[in-house]
Amino acid sequence: MQFSEAWLREWVNPPVDSQQLAHQLTMAGLEVDSIEPAALQFTSVVIGEVVDCQPHPDADRLTVCQVSVGEEKQLQIVCGANNVKAGIRVPTAIEGAELPDNFKIKATILRGIQSAGMLCAATELGLGDQSDGLMILPADAPVGEDIRDYLQLEDTIFEVDLTPNRADCLSIRGIAREVALLNQSHYQSQETPAISIAAEKQHLIQVDEPASCPLYLGRVIENVKPFAVTPLWMQERLRRSGLRSLGAVIDVTNYVLLELGQPLHAFDLDKISGTIHVRFAAKGEKLLLLNDQEIEMSDTTLVIADDEKALALAGIMGGSQSAVSDNTIDLLLECAFFSPKVIMGKARNYGLHTDSSHRFERGVDPELQTHAIEYATQLIISIAGGRPGPIVDVKSEQDLPSGNTILLRRKRLSQVLGQELEDQRVTDILNGLGMSCSIKESGWEVRPPSFRFDVAIEADLVEEIARIHGYDQLPKRQIKMPVELSEYSETAVTLDRLKDILVDRDYQEAITFSFGDSDLLQQFEPELSGLVLKNPISSELSTMRTSLWPGLIQALQYNLNRQQERVRLFESGLKFIRENEELLQNYVLAGAITGTIQPLSWTTENRTVDFFDIKADIEAIFGAGRHKIQFTTGKHPALHPGQTAFVRLDDGAKVGVLGMLHPELEKQLGFDRNVFVFEINLVDTLKRNVPHFEVLSRFPAVRRDLSITVKNNVLADDLVNAILKFEGSLIKNVTIFDVYHGKGVESGYKSVALALILQDKMKTLTDVEIDAIVSGVLVFLEEKFDARLRD
């Protein structure tokens with residue numbers, strides 16, 4: 001909310017300056033975003049009266065004016081404004097004046113005529129965003145007076161960022177109430193006497209939805225002056241509050257909204273057909289709004305209508321068909337209380353946000369309407385004349401908000417604040433907030449005022465007392481908290497350890513949405529069913545993810561599109577799978593890589609990543625938990641059929657998958673390079689096999705190398721595991737150090753070179769014993785894999 005400090009100080013004038021006032025409001029929870037001067041800096045601009053106007057002899061669009069500025073000698077000023085005429089009073093920049101943007105006024109000659117100043121428009125003084133000519137002042141503006149003094153421009157504009165619960169401060173009155181309490185100053189409450197009835201005309205009002213509109217007031221005002229001009233003081237207050245003048249009647253409704261916080265609306269009575277109805281719109285019913293936007297309404301939208309058509313969006317914006325204009329003579333002034341639940345979100349549904357909807361959806365004081373309509377009537381009559389009729393009051397008492405009584409316990413208040421406040425201090429704060437309270441044995445029995453929708457429970461009262469007493473006045477104490485060392489298990493690996501491993505291998509952690517596009521998820525996991533959100537942020541984020549790959553792939557693609565040629569990303573998190581009406585949540589670690597194996601450098605090999613690079617990353621991850629893993633061929637709908645592997649533990653349990661994206665999927669996603677991905681189950685990965693001590697043998701180990709030929713479909717891991725199981729006690733380790741295809745090896749076969757490490761704990765192995773073991777291995781491999789010793 002934006003307001004003028006001078007306007008506020010008419011209600012309450014505490015002995016503090018602007019900066020102190022801003023600090024007070026911020027500390028009380030009404031955060032001041034900015035403090036700006038009410039007008040840009042300019043000097044030597046006075047009120048001048050145009051005494052005479054004559055056409056410029058050499059320019060059709062210029063006028064030579066004789067201007068009185070309160071001195072004996074009149075000034076001759078050449079002016080190009082189309083609304084200049086004799087008799088008007090306007091801001092006049094005299095010779096030596098300095099306007100905003102360092103524009104200096106000097107005596108000059110315009111088309112051969114001497115000009116000793118400048119007649120100013122509002123925009124030239126920084127007092128408006130647009131103007132149609134000179135800024136014409138009232139006829140009684142004192143000639144020669146400095147315009148800054150006349151318009152009281154030595155003022156400050158405050159902009160306050162209010163939280164949604166403080167609708168009571170969306171007005172000068174509400175802010176003044178807070179300032180008076182914070183400074184224990186006198187608060188100038190406004191009382192408007194009932195307006196004398198000058199006409200008997202009334203308009204029929206029927207509220208069809210009393211739960212949505214428990215109170216609706218209407219008043220006919222006849223014979224309003226069509227071209228009444230809003231007083232300059234009101235225009236200035238509206239400008240300093242961020243609103244521009246739109247005509248006397250509309251300006252009054254805006255002025256009352258800003259000062260009291262109660263929105264009002266004025267209808268042109270001659271444009272209303274029959275009875276006013278407060279009802280819900282028919283589905284598909286259309287309304288042309290004041291901003292010339294035509295909307296098609298839903299049946300949950302409350303409208304103000306007559307017997308034939310909708311006239312306005314209730315609590316949001318009026319319609320253009322019933323709007324007041326320069327031709328309006330008779331008007332119907334509306335002032336109502338709408339339930340916040342009915343207005344909430346409706347403006348947003350139609351792409352709107354108005355000062356009225358901003359207040360109604362947060363809650364307007366249900367006891368303010370009569371005072372507001374009387375005040376608005378008084379202002380309209382004083383500015384535009386007219387004969388007011390009686391107020392038509394349609395009220396549903398049972399649907400109006402009723403305040404509840406809250407018990408504030410003395411013990412609870414002291415416990416939360418960390419100090420005891422005197423009973424009188426608490427009572428004064430509560431009374432200053434407009435609450436009625438009585439002291440009880442255990443504390444206070446409090447009834448919040450009608451304008452405080454947000455005070456409903458004891459915690460709200462504690463917050464209010466802390467806020468007004470001052471958060472900076474509460475005691476500061478060190479928190480005492482006993483610290484116990486948590487147990488550390490050697491059988492667990494932390495997720496941070498796995499992340500460190502990946503970071504050490506040049507990965508970067510990504511954090512993506514836990515939901516994604518259902519079509520993209522189906523491309524990666526077509527056999528899994530995802531949970532569809534009822535109220536998604538957008539259609540692209542409508543389904544809980546069944547895999548972390550889509551989010552990582554999108555992040556990888558985003559980086560590639562920004563000339564990052566080498567990308568390595570990982571993410572940990574949950575994936576969500578529906579299975580037999582049950583939602584399974586699996587904790588996984590996933591990654592995606594593309595580009596070169598190392599950053600470009602003359603010291604390293606510049607090759608692109610392949611399957612074995614990402615396989616090495618997986619081995620490093622499981623190495624942290626000392627897991628013995630196997631890689632077995634597998635199939636996955638999102639991966640290349642020839643470059644896909646499952647990760648399995650010793651017991652054969654599948655704990656992950658890795659591979660290259662399927663070429664078709666790469667093409668659909670717009671990749672022009674190979675992308676490799678992995679995903680592993682963290683529940684199993686975060687376990688560690690604790691190492692056990694084994695006595696070192698005092699006897700030497702012996703290495704024997706074998707070169708065998710086997711069929712291409714025989715897995716290297718199967719060969720190694722088979723040898724270790726055959727003679728696990730003496731063969732300590734088996735390593736494959738070469739695989740060969742080509743000349744000298746039969747088609748369909750491959751040559752595998754194995755290094756066997758043999759050792760006995762009790763003695764030194766002899767050549768005879770070693771040869772017997774090796775021969776046994778060869779026979780075993782021939783029987784199991786049809787392996788043959790290569791010549």
# chains A, B, ... in the order shown; residues from 1 in each chain; ligands from 1
$ residues_around --residues "Ser131 of chain A" --least-positions-apart "3" --cutoff "8 Å" --atoms "only C-alpha atoms" --output "list in words"
Ala121, Ala122, Thr123, Gly128, Leu134 and Met135 of chain A
$ write_last_selection --atoms "N, CA and C atoms" --output "PDB file, in the first residue's frame"
ATOM      1  N   ALA A 121       3.060  22.107 -17.468  1.00  0.00           N
ATOM      2  CA  ALA A 121       2.116  20.993 -17.352  1.00  0.00           C
ATOM      3  C   ALA A 121       2.517  20.162 -16.133  1.00  0.00           C
ATOM      4  N   ALA A 122       1.605  19.299 -15.678  1.00  0.00           N
ATOM      5  CA  ALA A 122       1.882  18.467 -14.503  1.00  0.00           C
ATOM      6  C   ALA A 122       3.073  17.550 -14.745  1.00  0.00           C
ATOM      7  N   THR A 123       3.175  17.018 -15.964  1.00  0.00           N
ATOM      8  CA  THR A 123       4.275  16.096 -16.264  1.00  0.00           C
ATOM      9  C   THR A 123       5.628  16.777 -16.197  1.00  0.00           C
ATOM     10  N   GLY A 128       2.706  13.980 -12.577  1.00  0.00           N
ATOM     11  CA  GLY A 128       1.778  13.124 -13.311  1.00  0.00           C
ATOM     12  C   GLY A 128       2.494  12.362 -14.393  1.00  0.00           C
ATOM     13  N   LEU A 134      -1.631  22.380 -20.048  1.00  0.00           N
ATOM     14  CA  LEU A 134      -1.169  23.020 -18.820  1.00  0.00           C
ATOM     15  C   LEU A 134      -1.901  22.468 -17.604  1.00  0.00           C
ATOM     16  N   MET A 135      -1.245  22.530 -16.453  1.00  0.00           N
ATOM     17  CA  MET A 135      -1.850  22.141 -15.180  1.00  0.00           C
ATOM     18  C   MET A 135      -2.649  23.343 -14.668  1.00  0.00           C
TER      19      MET A 135
END
$ closest_atom_pairs --of "segment 399-453 of chain A" --to "segment 318-340 of chain A" --cutoff "10 Å" --atoms "only C-alpha atoms" --output "CSV"
residue,atom,partner,partner_atom,distance
A:Asp399,CA,A:Ser339,CA,9.0
A:Leu400,CA,A:Ser339,CA,8.5
A:Pro401,CA,A:Ser339,CA,8.8
$ atom_distance --atom1 "atom CA of Val734 of chain A" --atom2 "atom CA of Asp650 of chain A"
16.5 Å
$ residues_around --residues "segment 583-596 of chain A" --least-positions-apart "3" --cutoff "8 Å" --atoms "only C-alpha atoms" --output "MDAnalysis selection string"
chainID A and resid 531 548:549 552:553 556 565:579 599:600 606:609 614 673:683
$ write_last_selection --atoms "N, CA and C atoms" --output "short mmCIF file (atom, residue, chain, number, x, y, z; two decimals), in the first residue's frame"
data_model
loop_
_atom_site.label_atom_id
_atom_site.label_comp_id
_atom_site.auth_asym_id
_atom_site.auth_seq_id
_atom_site.Cartn_x
_atom_site.Cartn_y
_atom_site.Cartn_z
N LEU A 531 1.75 -41.09 -10.70
CA LEU A 531 0.65 -40.46 -9.98
C LEU A 531 0.40 -39.08 -10.58
N LEU A 548 14.31 -40.42 -12.40
CA LEU A 548 15.03 -39.16 -12.30
C LEU A 548 15.66 -38.77 -13.62
N TRP A 549 15.69 -39.69 -14.58
CA TRP A 549 16.35 -39.41 -15.86
C TRP A 549 15.73 -38.26 -16.63
N LEU A 552 17.04 -34.94 -15.34
CA LEU A 552 18.47 -34.78 -15.60
C LEU A 552 18.74 -34.54 -17.08
N ILE A 553 18.00 -35.24 -17.93
CA ILE A 553 18.18 -35.08 -19.38
C ILE A 553 17.80 -33.67 -19.81
N LEU A 556 20.56 -31.43 -18.68
CA LEU A 556 21.72 -31.64 -19.55
C LEU A 556 21.53 -30.93 -20.89
N GLU A 565 29.79 -27.93 -23.65
CA GLU A 565 29.98 -29.14 -24.45
C GLU A 565 30.22 -30.38 -23.61
N ARG A 566 30.68 -30.21 -22.39
CA ARG A 566 30.98 -31.35 -21.51
C ARG A 566 30.12 -31.23 -20.26
N VAL A 567 29.16 -32.14 -20.10
CA VAL A 567 28.21 -32.03 -19.00
C VAL A 567 28.15 -33.37 -18.25
N ARG A 568 28.25 -33.29 -16.92
CA ARG A 568 28.17 -34.48 -16.07
C ARG A 568 27.32 -34.09 -14.86
N LEU A 569 26.12 -34.64 -14.77
CA LEU A 569 25.17 -34.28 -13.73
C LEU A 569 24.74 -35.50 -12.94
N PHE A 570 24.41 -35.29 -11.64
CA PHE A 570 23.81 -36.36 -10.85
C PHE A 570 22.75 -35.75 -9.94
N GLU A 571 21.84 -36.59 -9.47
CA GLU A 571 20.78 -36.15 -8.56
C GLU A 571 20.36 -37.33 -7.69
N SER A 572 20.05 -37.05 -6.44
CA SER A 572 19.50 -38.06 -5.55
C SER A 572 18.09 -37.62 -5.16
N GLY A 573 17.21 -38.58 -5.01
CA GLY A 573 15.84 -38.25 -4.65
C GLY A 573 14.90 -39.42 -4.80
N LEU A 574 13.61 -39.12 -4.61
CA LEU A 574 12.58 -40.16 -4.68
C LEU A 574 11.97 -40.22 -6.07
N LYS A 575 11.63 -41.43 -6.47
CA LYS A 575 10.76 -41.59 -7.64
C LYS A 575 9.51 -42.31 -7.17
N PHE A 576 8.40 -42.04 -7.84
CA PHE A 576 7.09 -42.45 -7.34
C PHE A 576 6.42 -43.36 -8.36
N ILE A 577 6.08 -44.57 -7.91
CA ILE A 577 5.52 -45.57 -8.81
C ILE A 577 4.22 -46.10 -8.22
N ARG A 578 3.18 -46.10 -9.03
CA ARG A 578 1.90 -46.68 -8.61
C ARG A 578 1.88 -48.16 -8.95
N GLU A 579 1.57 -48.96 -7.95
CA GLU A 579 1.55 -50.41 -8.15
C GLU A 579 0.40 -50.99 -7.32
N PRO A 599 38.26 -32.23 -19.63
CA PRO A 599 38.21 -30.90 -20.25
C PRO A 599 39.32 -30.79 -21.30
N LEU A 600 39.09 -30.00 -22.31
CA LEU A 600 40.03 -29.86 -23.41
C LEU A 600 41.40 -29.41 -22.88
N ASN A 606 41.75 -36.46 -25.97
CA ASN A 606 40.48 -35.78 -26.22
C ASN A 606 39.52 -36.75 -26.91
N ARG A 607 38.89 -37.62 -26.11
CA ARG A 607 37.91 -38.57 -26.65
C ARG A 607 36.59 -38.38 -25.92
N THR A 608 35.52 -38.83 -26.55
CA THR A 608 34.20 -38.71 -25.92
C THR A 608 33.97 -39.87 -24.97
N VAL A 609 33.08 -39.64 -24.00
CA VAL A 609 32.79 -40.68 -23.00
C VAL A 609 32.12 -41.87 -23.66
N ILE A 614 31.14 -44.57 -17.70
CA ILE A 614 30.07 -44.48 -16.70
C ILE A 614 30.04 -45.75 -15.84
N ARG A 673 24.50 -36.29 -30.08
CA ARG A 673 25.64 -36.98 -29.50
C ARG A 673 25.12 -38.08 -28.58
N ASN A 674 26.03 -38.97 -28.17
CA ASN A 674 25.65 -40.05 -27.27
C ASN A 674 25.55 -39.53 -25.84
N VAL A 675 24.51 -39.99 -25.14
CA VAL A 675 24.30 -39.64 -23.74
C VAL A 675 24.22 -40.92 -22.94
N PHE A 676 24.96 -40.98 -21.83
CA PHE A 676 24.99 -42.16 -20.99
C PHE A 676 24.37 -41.83 -19.63
N VAL A 677 23.59 -42.78 -19.10
CA VAL A 677 22.88 -42.53 -17.84
C VAL A 677 23.03 -43.73 -16.91
N PHE A 678 22.80 -43.47 -15.62
CA PHE A 678 22.73 -44.56 -14.64
C PHE A 678 21.70 -44.22 -13.59
N GLU A 679 21.20 -45.26 -12.92
CA GLU A 679 20.29 -45.08 -11.80
C GLU A 679 20.48 -46.26 -10.87
N ILE A 680 20.77 -46.00 -9.59
CA ILE A 680 21.00 -47.08 -8.64
C ILE A 680 20.13 -46.87 -7.40
N ASN A 681 19.79 -47.98 -6.77
CA ASN A 681 18.95 -47.97 -5.57
C ASN A 681 19.81 -47.59 -4.37
N LEU A 682 19.45 -46.50 -3.68
CA LEU A 682 20.28 -46.03 -2.58
C LEU A 682 20.12 -46.86 -1.32
N VAL A 683 18.98 -47.51 -1.16
CA VAL A 683 18.77 -48.31 0.05
C VAL A 683 19.86 -49.37 0.18
#
$ select_by_dssp --residues "segment 183-374 of chain A" --states "alpha helix (DSSP H)" --output "PyMOL selection string"
chain A and resi 183+232-240+248-260+340-343+346-349+355-360+369-374
$ residues_around --residues "Gly112 of chain A" --least-positions-apart "2" --cutoff "10 Å" --atoms "only C-alpha atoms" --output "list in words"
His56, Pro57, Asp58, Thr108, Ile109, Leu110, Gln114 and Ser115 of chain A
$ write_last_selection --atoms "C-alpha atoms" --output "mmCIF file, in the first residue's frame"
data_model
loop_
_atom_site.group_PDB
_atom_site.id
_atom_site.type_symbol
_atom_site.label_atom_id
_atom_site.label_comp_id
_atom_site.auth_asym_id
_atom_site.auth_seq_id
_atom_site.Cartn_x
_atom_site.Cartn_y
_atom_site.Cartn_z
ATOM 1 C CA HIS A 56 2.111 34.413 -32.151
ATOM 2 C CA PRO A 57 2.646 36.432 -35.347
ATOM 3 C CA ASP A 58 4.985 33.852 -36.897
ATOM 4 C CA THR A 108 14.923 33.334 -24.676
ATOM 5 C CA ILE A 109 13.513 34.412 -28.031
ATOM 6 C CA LEU A 110 10.980 32.095 -29.702
ATOM 7 C CA GLN A 114 10.880 37.435 -26.123
ATOM 8 C CA SER A 115 9.849 34.736 -23.595
#
